[in-house]
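So this block is work_38.cif, mmCIF, C-alpha atoms:
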data_query
#
loop_
_atom_site.group_PDB
_atom_site.id
_atom_site.type_symbol
_atom_site.label_atom_id
_atom_site.label_comp_id
_atom_site.auth_asym_id
_atom_site.auth_seq_id
_atom_site.Cartn_x
_atom_site.Cartn_y
_atom_site.Cartn_z
ATOM 1 C CA MET A 291 99.697 44.723 91.200
ATOM 2 C CA TYR A 292 95.896 44.953 90.874
ATOM 3 C CA LYS A 293 95.771 47.035 94.049
ATOM 4 C CA TYR A 294 98.371 49.423 92.610
ATOM 5 C CA TYR A 295 96.454 49.980 89.357
ATOM 6 C CA TRP A 296 93.195 50.385 91.236
ATOM 7 C CA LEU A 297 94.799 53.113 93.371
ATOM 8 C CA ILE A 298 95.923 54.935 90.236
ATOM 9 C CA PHE A 299 92.507 54.594 88.594
ATOM 10 C CA SER A 300 90.612 55.734 91.684
ATOM 11 C CA ARG A 301 92.894 58.749 92.073
ATOM 12 C CA LEU A 302 92.388 59.769 88.453
ATOM 13 C CA ILE A 303 88.600 59.728 88.692
ATOM 14 C CA GLN A 304 88.529 61.499 92.077
ATOM 15 C CA LEU A 305 91.078 64.273 91.538
ATOM 16 C CA LEU A 306 89.526 67.701 91.396
ATOM 17 C CA MET A 307 92.443 69.925 90.464
ATOM 18 C CA ARG A 308 96.091 69.879 89.480
ATOM 19 C CA ILE A 309 97.848 72.079 92.052
ATOM 20 C CA VAL A 310 101.457 73.222 92.239
ATOM 21 C CA ILE A 311 102.401 73.953 95.842
ATOM 22 C CA ALA A 312 105.622 75.842 96.565
ATOM 23 C CA LEU A 313 106.809 75.383 100.141
ATOM 24 C CA GLY A 314 108.717 78.469 101.251
ATOM 25 C CA GLY A 315 112.176 77.995 102.745
ATOM 26 C CA ASN A 316 110.920 79.537 105.973
ATOM 27 C CA ALA A 317 108.010 77.085 106.043
ATOM 28 C CA LEU A 318 110.589 74.275 106.161
ATOM 29 C CA LEU A 319 112.966 75.995 108.580
ATOM 30 C CA ARG A 320 111.303 78.600 110.737
ATOM 31 C CA ARG A 321 112.763 81.986 111.511
ATOM 32 C CA GLY A 322 115.127 81.947 114.453
ATOM 33 C CA GLU A 323 115.467 78.158 114.561
ATOM 34 C CA PRO A 324 118.956 76.610 114.480
ATOM 35 C CA MET A 325 119.591 74.844 111.143
ATOM 36 C CA THR A 326 119.795 71.359 112.586
ATOM 37 C CA ALA A 327 118.796 68.136 110.877
ATOM 38 C CA GLY A 328 116.236 67.549 113.620
ATOM 39 C CA ASN A 329 114.544 70.913 113.116
ATOM 40 C CA GLN A 330 114.379 70.442 109.359
ATOM 41 C CA ARG A 331 112.927 66.966 109.762
ATOM 42 C CA ALA A 332 110.312 68.210 112.245
ATOM 43 C CA ASN A 333 109.219 71.028 109.940
ATOM 44 C CA VAL A 334 109.037 68.741 106.899
ATOM 45 C CA ARG A 335 106.879 66.399 108.977
ATOM 46 C CA LEU A 336 104.489 69.282 109.687
ATOM 47 C CA ALA A 337 104.477 70.139 105.979
ATOM 48 C CA ALA A 338 103.679 66.510 105.108
ATOM 49 C CA ARG A 339 100.713 66.537 107.473
ATOM 50 C CA ALA A 340 99.370 69.618 105.717
ATOM 51 C CA LEU A 341 99.995 68.192 102.234
ATOM 52 C CA ALA A 342 98.644 64.685 102.810
ATOM 53 C CA PRO A 343 94.902 65.524 102.905
ATOM 54 C CA LEU A 344 95.202 67.570 99.691
ATOM 55 C CA SER A 345 96.995 64.720 97.922
ATOM 56 C CA LYS A 346 93.943 62.526 98.422
ATOM 57 C CA GLU A 347 91.718 64.996 96.587
ATOM 58 C CA HIS A 348 94.011 66.698 94.068
ATOM 59 C CA GLU A 349 96.965 66.001 91.823
ATOM 60 C CA LEU A 350 99.972 67.530 93.583
ATOM 61 C CA ILE A 351 103.280 68.837 92.315
ATOM 62 C CA ILE A 352 105.478 70.064 95.152
ATOM 63 C CA SER A 353 108.240 72.622 94.937
ATOM 64 C CA HIS A 354 110.170 74.140 97.814
ATOM 65 C CA GLY A 355 112.547 76.871 98.869
ATOM 66 C CA ASN A 356 116.144 76.245 99.874
ATOM 67 C CA GLY A 357 117.495 79.617 101.003
ATOM 68 C CA PRO A 358 118.535 78.609 104.530
ATOM 69 C CA GLN A 359 119.844 75.227 103.407
ATOM 70 C CA VAL A 360 121.873 76.340 100.365
ATOM 71 C CA GLY A 361 123.342 79.220 102.351
ATOM 72 C CA LEU A 362 124.529 76.903 105.099
ATOM 73 C CA LEU A 363 126.048 74.504 102.568
ATOM 74 C CA ALA A 364 127.815 77.451 100.901
ATOM 75 C CA LEU A 365 129.257 78.510 104.244
ATOM 76 C CA GLN A 366 130.374 74.966 105.053
ATOM 77 C CA SER A 367 131.920 74.609 101.602
ATOM 78 C CA SER A 368 133.854 77.856 101.909
ATOM 79 C CA ILE A 369 135.217 76.868 105.327
ATOM 80 C CA ALA A 370 136.142 73.335 104.296
ATOM 81 C CA SER A 371 137.876 74.342 101.080
ATOM 82 C CA GLU A 372 140.437 76.978 102.037
ATOM 83 C CA ASP A 373 143.021 75.256 99.852
ATOM 84 C CA THR A 374 140.602 74.130 97.115
ATOM 85 C CA GLU A 375 137.796 75.620 95.077
ATOM 86 C CA SER A 376 134.498 75.779 96.987
ATOM 87 C CA SER A 377 131.327 74.360 95.463
ATOM 88 C CA SER A 378 129.266 76.719 93.281
ATOM 89 C CA LEU A 379 125.637 77.490 94.034
ATOM 90 C CA ASP A 380 124.305 75.326 91.185
ATOM 91 C CA VAL A 381 125.961 72.242 92.688
ATOM 92 C CA LEU A 382 124.806 73.176 96.179
ATOM 93 C CA GLY A 383 121.305 73.752 94.837
ATOM 94 C CA ALA A 384 121.290 70.235 93.399
ATOM 95 C CA GLN A 385 122.310 68.905 96.806
ATOM 96 C CA THR A 386 119.412 70.684 98.513
ATOM 97 C CA GLU A 387 116.935 69.364 95.922
ATOM 98 C CA GLY A 388 117.972 65.823 96.789
ATOM 99 C CA MET A 389 118.099 66.408 100.542
ATOM 100 C CA ILE A 390 114.767 68.191 100.918
ATOM 101 C CA GLY A 391 113.050 65.968 98.345
ATOM 102 C CA TYR A 392 114.162 62.905 100.292
ATOM 103 C CA LEU A 393 112.703 64.297 103.519
ATOM 104 C CA ILE A 394 109.393 65.226 101.880
ATOM 105 C CA GLU A 395 109.079 61.825 100.208
ATOM 106 C CA GLN A 396 109.794 59.963 103.415
ATOM 107 C CA GLU A 397 107.483 61.985 105.656
ATOM 108 C CA LEU A 398 104.621 61.929 103.148
ATOM 109 C CA GLY A 399 105.238 58.214 102.621
ATOM 110 C CA ASN A 400 104.800 57.636 106.350
ATOM 111 C CA ILE A 401 101.284 59.100 106.119
ATOM 112 C CA LEU A 402 99.923 58.062 102.717
ATOM 113 C CA PRO A 403 99.269 54.490 101.503
ATOM 114 C CA PHE A 404 102.325 52.430 100.621
ATOM 115 C CA GLU A 405 101.110 52.134 97.028
ATOM 116 C CA GLN A 406 101.300 55.902 96.457
ATOM 117 C CA PRO A 407 104.374 56.596 94.259
ATOM 118 C CA PHE A 408 106.685 59.571 94.827
ATOM 119 C CA ALA A 409 109.570 60.953 92.812
ATOM 120 C CA THR A 410 112.045 63.765 93.368
ATOM 121 C CA ILE A 411 113.401 65.193 90.109
ATOM 122 C CA LEU A 412 116.701 67.064 89.957
ATOM 123 C CA THR A 413 115.483 69.966 87.857
ATOM 124 C CA MET A 414 117.766 72.091 85.683
ATOM 125 C CA VAL A 415 116.382 75.544 84.922
ATOM 126 C CA GLU A 416 117.721 77.947 82.337
ATOM 127 C CA VAL A 417 118.363 81.610 83.151
ATOM 128 C CA ASP A 418 119.576 84.459 80.964
ATOM 129 C CA LYS A 419 123.256 85.297 81.537
ATOM 130 C CA ASN A 420 122.340 88.941 80.817
ATOM 131 C CA ASP A 421 119.560 89.056 83.419
ATOM 132 C CA PRO A 422 119.861 92.350 85.416
ATOM 133 C CA ALA A 423 119.716 90.311 88.632
ATOM 134 C CA PHE A 424 123.377 89.355 88.118
ATOM 135 C CA ARG A 425 124.269 92.992 88.807
ATOM 136 C CA ASN A 426 121.910 93.403 91.769
ATOM 137 C CA PRO A 427 122.016 90.559 94.328
ATOM 138 C CA THR A 428 118.790 90.465 96.351
ATOM 139 C CA LYS A 429 118.138 86.842 97.341
ATOM 140 C CA PRO A 430 118.962 86.194 101.026
ATOM 141 C CA ILE A 431 120.505 82.791 101.750
ATOM 142 C CA GLY A 432 122.006 81.090 104.765
ATOM 143 C CA PRO A 433 121.999 81.985 108.460
ATOM 144 C CA PHE A 434 121.688 85.382 110.116
ATOM 145 C CA TYR A 435 124.787 87.280 111.237
ATOM 146 C CA SER A 436 125.619 90.188 113.503
ATOM 147 C CA ALA A 437 126.821 93.396 111.856
ATOM 148 C CA LYS A 438 130.386 92.617 112.948
ATOM 149 C CA ALA A 439 130.316 89.060 111.554
ATOM 150 C CA ALA A 440 128.731 90.293 108.312
ATOM 151 C CA ALA A 441 131.473 92.890 107.827
ATOM 152 C CA LYS A 442 134.134 90.220 108.341
ATOM 153 C CA LEU A 443 132.527 87.894 105.766
ATOM 154 C CA THR A 444 132.408 90.735 103.265
ATOM 155 C CA LYS A 445 136.106 91.409 103.834
ATOM 156 C CA ASP A 446 137.265 87.779 103.929
ATOM 157 C CA LYS A 447 135.019 86.181 101.281
ATOM 158 C CA GLY A 448 133.748 89.086 99.200
ATOM 159 C CA TRP A 449 130.152 88.213 100.005
ATOM 160 C CA VAL A 450 127.419 90.828 99.559
ATOM 161 C CA MET A 451 125.625 91.251 102.887
ATOM 162 C CA ARG A 452 122.380 93.110 103.512
ATOM 163 C CA ASN A 453 120.428 94.074 106.580
ATOM 164 C CA ASP A 454 117.489 91.773 107.414
ATOM 165 C CA GLY A 455 115.720 93.209 110.431
ATOM 166 C CA LYS A 456 118.170 93.470 113.307
ATOM 167 C CA GLN A 457 120.651 91.080 111.684
ATOM 168 C CA TRP A 458 122.423 90.545 108.381
ATOM 169 C CA ARG A 459 122.323 87.861 105.674
ATOM 170 C CA ARG A 460 124.258 87.052 102.556
ATOM 171 C CA VAL A 461 122.467 87.969 99.309
ATOM 172 C CA VAL A 462 123.111 86.528 95.844
ATOM 173 C CA PRO A 463 121.707 87.141 92.347
ATOM 174 C CA SER A 464 118.248 85.699 91.746
ATOM 175 C CA PRO A 465 117.451 85.731 88.008
ATOM 176 C CA ILE A 466 114.107 84.928 86.411
ATOM 177 C CA PRO A 467 113.739 81.318 85.129
ATOM 178 C CA LEU A 468 113.215 80.841 81.412
ATOM 179 C CA ARG A 469 112.883 77.088 80.865
ATOM 180 C CA ILE A 470 112.551 73.906 82.905
ATOM 181 C CA PHE A 471 114.420 71.131 81.120
ATOM 182 C CA GLU A 472 112.785 68.119 82.793
ATOM 183 C CA MET A 473 109.151 68.880 81.876
ATOM 184 C CA ARG A 474 108.692 65.656 79.866
ATOM 185 C CA PRO A 475 109.649 63.226 82.659
ATOM 186 C CA ILE A 476 107.618 65.295 85.131
ATOM 187 C CA ARG A 477 104.535 64.865 82.914
ATOM 188 C CA TRP A 478 105.229 61.150 82.461
ATOM 189 C CA LEU A 479 105.340 60.662 86.218
ATOM 190 C CA LEU A 480 102.107 62.593 86.758
ATOM 191 C CA GLU A 481 100.380 60.375 84.204
ATOM 192 C CA LYS A 482 101.232 57.403 86.452
ATOM 193 C CA GLY A 483 99.706 59.010 89.543
ATOM 194 C CA THR A 484 103.035 60.061 91.058
ATOM 195 C CA ILE A 485 103.385 62.916 93.519
ATOM 196 C CA VAL A 486 106.303 64.811 91.993
ATOM 197 C CA ILE A 487 108.754 66.988 93.923
ATOM 198 C CA CYS A 488 110.687 69.213 91.546
ATOM 199 C CA ALA A 489 112.154 72.669 90.836
ATOM 200 C CA GLY A 490 113.277 72.849 94.457
ATOM 201 C CA GLY A 491 114.964 76.116 95.359
ATOM 202 C CA GLY A 492 113.994 77.455 91.939
ATOM 203 C CA GLY A 493 115.797 74.585 90.251
ATOM 204 C CA ILE A 494 119.464 74.077 89.431
ATOM 205 C CA PRO A 495 120.582 77.314 87.726
ATOM 206 C CA THR A 496 122.047 76.829 84.264
ATOM 207 C CA ILE A 497 123.078 79.091 81.367
ATOM 208 C CA TYR A 498 124.326 78.582 77.834
ATOM 209 C CA ASP A 499 127.930 79.682 77.393
ATOM 210 C CA GLN A 500 129.397 81.363 74.301
ATOM 211 C CA ASP A 501 129.911 77.952 72.681
ATOM 212 C CA GLY A 502 126.273 76.976 73.182
ATOM 213 C CA LYS A 503 127.084 74.499 75.971
ATOM 214 C CA LEU A 504 124.849 74.266 79.019
ATOM 215 C CA ILE A 505 126.776 75.033 82.228
ATOM 216 C CA GLY A 506 125.950 75.825 85.845
ATOM 217 C CA ALA A 507 125.431 79.383 87.121
ATOM 218 C CA ASP A 508 126.571 80.597 90.542
ATOM 219 C CA VAL A 509 123.170 82.025 91.515
ATOM 220 C CA VAL A 510 119.941 81.023 93.249
ATOM 221 C CA ILE A 511 116.929 81.207 90.922
ATOM 222 C CA ASP A 512 113.819 83.057 92.006
ATOM 223 C CA LYS A 513 111.935 80.063 93.388
ATOM 224 C CA ASP A 514 108.533 81.752 93.279
ATOM 225 C CA TYR A 515 108.854 82.461 89.552
ATOM 226 C CA ALA A 516 110.178 78.936 88.982
ATOM 227 C CA GLY A 517 107.087 77.542 90.684
ATOM 228 C CA ALA A 518 104.879 79.812 88.586
ATOM 229 C CA LEU A 519 106.652 78.670 85.409
ATOM 230 C CA LEU A 520 106.237 75.040 86.467
ATOM 231 C CA ALA A 521 102.532 75.582 87.156
ATOM 232 C CA ARG A 522 102.037 77.259 83.781
ATOM 233 C CA GLU A 523 103.897 74.565 81.845
ATOM 234 C CA LEU A 524 101.846 71.847 83.563
ATOM 235 C CA ASP A 525 98.564 73.689 82.955
ATOM 236 C CA ALA A 526 97.905 73.641 86.699
ATOM 237 C CA ASP A 527 94.495 74.744 87.943
ATOM 238 C CA MET A 528 96.036 76.626 90.869
ATOM 239 C CA TYR A 529 99.419 77.796 92.099
ATOM 240 C CA ILE A 530 99.838 78.036 95.876
ATOM 241 C CA MET A 531 102.823 79.546 97.685
ATOM 242 C CA ALA A 532 102.866 78.268 101.270
ATOM 243 C CA THR A 533 104.847 80.420 103.652
ATOM 244 C CA ASP A 534 105.009 81.311 107.351
ATOM 245 C CA ALA A 535 102.411 84.081 107.018
ATOM 246 C CA ASP A 536 98.682 83.447 106.743
ATOM 247 C CA ALA A 537 98.242 86.008 103.951
ATOM 248 C CA VAL A 538 99.767 89.001 102.208
ATOM 249 C CA TYR A 539 99.387 92.112 104.367
ATOM 250 C CA THR A 540 99.201 95.809 103.690
ATOM 251 C CA ASN A 541 101.208 97.964 106.132
ATOM 252 C CA TRP A 542 103.057 94.859 107.333
ATOM 253 C CA GLY A 543 104.824 95.330 110.672
ATOM 254 C CA THR A 544 102.646 98.231 111.790
ATOM 255 C CA LYS A 545 99.527 98.538 113.932
ATOM 256 C CA ASP A 546 97.585 99.155 110.716
ATOM 257 C CA ALA A 547 98.567 95.814 109.162
ATOM 258 C CA CYS A 548 95.647 94.285 107.284
ATOM 259 C CA ALA A 549 95.405 90.880 105.612
ATOM 260 C CA ILE A 550 94.457 90.828 101.937
ATOM 261 C CA GLY A 551 91.821 88.251 101.060
ATOM 262 C CA ARG A 552 90.532 87.944 97.505
ATOM 263 C CA ILE A 553 92.043 90.495 95.127
ATOM 264 C CA SER A 554 92.549 90.996 91.400
ATOM 265 C CA CYS A 555 95.911 91.323 89.663
ATOM 266 C CA ALA A 556 95.136 94.941 88.787
ATOM 267 C CA GLU A 557 94.515 95.838 92.424
ATOM 268 C CA ILE A 558 97.492 94.081 93.990
ATOM 269 C CA GLU A 559 99.929 95.319 91.344
ATOM 270 C CA LYS A 560 99.261 98.869 92.529
ATOM 271 C CA MET A 561 100.580 98.013 96.016
ATOM 272 C CA ASN A 562 104.174 98.070 97.279
ATOM 273 C CA PHE A 563 105.746 95.158 99.128
ATOM 274 C CA SER A 564 109.158 94.413 100.597
ATOM 275 C CA GLU A 565 111.780 93.005 98.214
ATOM 276 C CA GLY A 566 112.915 90.456 100.775
ATOM 277 C CA SER A 567 109.435 89.339 101.725
ATOM 278 C CA MET A 568 106.209 89.344 99.712
ATOM 279 C CA LYS A 569 107.243 91.291 96.601
ATOM 280 C CA PRO A 570 108.648 88.293 94.651
ATOM 281 C CA LYS A 571 105.697 86.113 95.668
ATOM 282 C CA VAL A 572 103.148 88.674 94.541
ATOM 283 C CA ALA A 573 105.049 89.219 91.284
ATOM 284 C CA ALA A 574 105.181 85.464 90.594
ATOM 285 C CA ALA A 575 101.499 85.055 91.452
ATOM 286 C CA THR A 576 100.373 87.849 89.133
ATOM 287 C CA TRP A 577 102.628 86.525 86.345
ATOM 288 C CA PHE A 578 100.998 83.094 86.603
ATOM 289 C CA VAL A 579 97.481 84.563 86.681
ATOM 290 C CA HIS A 580 98.165 86.829 83.691
ATOM 291 C CA LYS A 581 99.602 83.939 81.658
ATOM 292 C CA THR A 582 96.936 81.352 82.476
ATOM 293 C CA GLY A 583 93.761 83.054 83.632
ATOM 294 C CA LYS A 584 93.843 80.717 86.665
ATOM 295 C CA HIS A 585 94.082 81.643 90.350
ATOM 296 C CA ALA A 586 97.194 81.900 92.533
ATOM 297 C CA ALA A 587 97.305 81.973 96.321
ATOM 298 C CA ILE A 588 99.689 82.916 99.122
ATOM 299 C CA GLY A 589 99.130 81.735 102.673
ATOM 300 C CA SER A 590 100.094 79.591 105.608
ATOM 301 C CA LEU A 591 101.186 75.985 105.292
ATOM 302 C CA SER A 592 98.704 75.026 108.018
ATOM 303 C CA ASP A 593 95.811 76.447 105.950
ATOM 304 C CA LEU A 594 96.493 74.548 102.710
ATOM 305 C CA GLN A 595 93.118 72.815 102.501
ATOM 306 C CA GLU A 596 91.215 76.049 103.092
ATOM 307 C CA ILE A 597 93.478 77.905 100.634
ATOM 308 C CA ALA A 598 92.730 75.334 97.920
ATOM 309 C CA LEU A 599 89.031 76.012 98.570
ATOM 310 C CA GLU A 600 89.814 79.761 98.430
ATOM 311 C CA LYS A 601 88.539 80.259 101.970
ATOM 312 C CA LYS A 602 91.847 81.432 103.476
ATOM 313 C CA GLY A 603 95.047 83.124 102.384
ATOM 314 C CA THR A 604 95.410 85.783 99.708
ATOM 315 C CA ILE A 605 93.670 84.664 96.499
ATOM 316 C CA ILE A 606 94.818 86.501 93.378
ATOM 317 C CA THR A 607 92.372 86.425 90.491
ATOM 318 C CA PRO A 608 92.481 87.582 86.838
ATOM 319 C CA CYS A 609 92.087 91.297 86.236
#
Full structure transcribed into C-alpha cells:
Amino acid sequence: MYKYYWLIFSRLIQLLMRIVIALGGNALLRRGEPMTAGNQRANVRLAARALAPLSKEHELIISHGNGPQVGLLALQSSIASEDTESSSLDVLGAQTEGMIGYLIEQELGNILPFEQPFATILTMVEVDKNDPAFRNPTKPIGPFYSAKAAAKLTKDKGWVMRNDGKQWRRVVPSPIPLRIFEMRPIRWLLEKGTIVICAGGGGIPTIYDQDGKLIGADVVIDKDYAGALLARELDADMYIMATDADAVYTNWGTKDACAIGRISCAEIEKMNFSEGSMKPKVAAATWFVHKTGKHAAIGSLSDLQEIALEKKGTIITPC
C-alpha cells in the first residue's frame, strides 16, 4: 500500500503536462492490413510502446479512433441478423470502446509498473439531432470494397458508399460532439494517478428525444472533435492527434508535397485539406487552440515524445 501511494505522489510531483492523445483508427489498424485480432493486437502493442515513455513524464488521457472496427462490427451484425434487427452504431461504438480500451490497458500494463492504475470509461457523448451531418454522411467506416461490391451493398442494405482512392468505403453521419457525460468520474480517476482511456471512437453517440429522454444515435461522432472537447474540458496543456502520417502536408499526394511544421491557426485555416483525411483533424486542432490558447499537434505515433516537445509533427499555435 505504501508503495502504491508513493508511486502516486512521485508521479504528481514529476508530471510536466496534462496531455490528451487521440490515437487514429489507422494508427491502430494500418491501411491495407486485414482486420484480424492479431493485427489489432500488434498495432496496439506498438502504440503502447510509444505511449509508455510519455506516461512516465506526463499525465495522459488516451482516446482512439474506431472507424475500421465499428465498420466491421456493423457488417457482421447486418449479416448475422437477416431475420432480426441489426445493432445500431451507438451500441457497436460502445463495444469498440471496451474492446480497444482492453487492448490498450493490457499492452500498456505489460510495460509500465504493476502499481500504475488504468481505467477504460464507456463515454456517452451528446450530439444535436439537427446537426447538418445527419444529412451529409462523410465518415468512412469498415473495410474497403471494390466498386462492384460497393454497388451491391448500396442496393441490398441502403448503405451510402463513397470512393476512397481506388476502392470504396461505407460512410455515415459524423456530427459534432456537444457534451461528454462522464467528465466527473474521468476527473476523479485522474486525481488518483490513473491513466484514463475514454471517448473512444468519438464516444457513444446519444441524443435527447422529443420527450427529453437520452437515447442512442445511429452515427459515428467526429472523434477528433470529441478529443478536442475532452482536452478542453480537462484543461489539458496539449492535444495530440497521432495518426499514420508524420505531419500535415500541403499538396499531399503530389511531388510538391511539403510537411507543415509550426503554424498558427490563422495560417492553417486558410489552407484546404481533404474531407476524408486531414480536414477534420485540422478543424478540431484549431477549435481546441481557439478555445484554450494552448497548442495542438498532429503527427506520427512513433514520434510522440518529440511531438510533445514540439520538435516533430505539425504544431498548431494560437493566432
Residues of segment 496-545 of chain A that approach segment 459-470 of chain A to 9 Å or less, counting all atoms listed in the file: could you list each one with the shortest pair of atoms and its distance in Å to one decimal, rows by chain and increasing residue number, as a Markdown table?
| residue | atom | partner | partner_atom | distance |
| --- | --- | --- | --- | --- |
| A:Asp508 | CA | A:Pro463 | CA | 8.4 |
| A:Val509 | CA | A:Pro463 | CA | 5.4 |
| A:Val510 | CA | A:Ser464 | CA | 5.2 |
| A:Ile511 | CA | A:Ser464 | CA | 4.8 |
| A:Asp512 | CA | A:Ser464 | CA | 5.2 |
| A:Lys513 | CA | A:Pro467 | CA | 8.5 |
| A:Tyr515 | CA | A:Ile466 | CA | 6.6 |
| A:Ala516 | CA | A:Pro467 | CA | 5.8 |
| A:Leu519 | CA | A:Pro467 | CA | 7.6 |
| A:Leu520 | CA | A:Ile470 | CA | 7.3 |
| A:Glu523 | CA | A:Ile470 | CA | 8.7 |
Translate the PyMOL selection byres ((chain A and resi 418) around 10), as applied to the file shown, into an explicit residue set as an mmCIF file with C-alpha atoms, keeping the file's coordinate frame.
data_model
loop_
_atom_site.group_PDB
_atom_site.id
_atom_site.type_symbol
_atom_site.label_atom_id
_atom_site.label_comp_id
_atom_site.auth_asym_id
_atom_site.auth_seq_id
_atom_site.Cartn_x
_atom_site.Cartn_y
_atom_site.Cartn_z
ATOM 1 C CA GLU A 416 117.721 77.947 82.337
ATOM 2 C CA VAL A 417 118.363 81.610 83.151
ATOM 3 C CA LYS A 419 123.256 85.297 81.537
ATOM 4 C CA ASN A 420 122.340 88.941 80.817
ATOM 5 C CA ASP A 421 119.560 89.056 83.419
ATOM 6 C CA PRO A 422 119.861 92.350 85.416
ATOM 7 C CA ALA A 423 119.716 90.311 88.632
ATOM 8 C CA PHE A 424 123.377 89.355 88.118
ATOM 9 C CA PRO A 465 117.451 85.731 88.008
ATOM 10 C CA ILE A 466 114.107 84.928 86.411
ATOM 11 C CA PRO A 467 113.739 81.318 85.129
ATOM 12 C CA LEU A 468 113.215 80.841 81.412
ATOM 13 C CA ARG A 469 112.883 77.088 80.865
ATOM 14 C CA PRO A 495 120.582 77.314 87.726
ATOM 15 C CA THR A 496 122.047 76.829 84.264
ATOM 16 C CA ILE A 497 123.078 79.091 81.367
ATOM 17 C CA TYR A 498 124.326 78.582 77.834
ATOM 18 C CA ALA A 507 125.431 79.383 87.121
#
Using all atoms listed in the file, which of A:Gly502, A:Val310, A:Asn562, A:Gly490 sits nearest Leu524 of chain A? A:Val310
Please identify all polymer residues within 8 Å of segment 380-393 of chain A, counting all atoms listed in the file, omitting same-chain residues fewer than 5 positions from it, and present them as a VMD selection string. chain A and resid 331 334 356 359 to 360 363 to 364 410 to 412 487 to 491 493 to 496 506 to 510
Output file for the residues above (C-alpha atoms, as a tab-separated table (two decimals), in the frame of the given file):
chain	number	residue	atom	x	y	z
A	331	ARG	CA	112.93	66.97	109.76
A	334	VAL	CA	109.04	68.74	106.90
A	356	ASN	CA	116.14	76.24	99.87
A	359	GLN	CA	119.84	75.23	103.41
A	360	VAL	CA	121.87	76.34	100.36
A	363	LEU	CA	126.05	74.50	102.57
A	364	ALA	CA	127.82	77.45	100.90
A	410	THR	CA	112.04	63.76	93.37
A	411	ILE	CA	113.40	65.19	90.11
A	412	LEU	CA	116.70	67.06	89.96
A	487	ILE	CA	108.75	66.99	93.92
A	488	CYS	CA	110.69	69.21	91.55
A	489	ALA	CA	112.15	72.67	90.84
A	490	GLY	CA	113.28	72.85	94.46
A	491	GLY	CA	114.96	76.12	95.36
A	493	GLY	CA	115.80	74.58	90.25
A	494	ILE	CA	119.46	74.08	89.43
A	495	PRO	CA	120.58	77.31	87.73
A	496	THR	CA	122.05	76.83	84.26
A	506	GLY	CA	125.95	75.82	85.84
A	507	ALA	CA	125.43	79.38	87.12
A	508	ASP	CA	126.57	80.60	90.54
A	509	VAL	CA	123.17	82.02	91.52
A	510	VAL	CA	119.94	81.02	93.25
Counting all atoms listed in the file, which residue out of A:Cys555, A:His348, A:Met307, A:Phe434 sits closest to Glu323 of chain A? A:Phe434
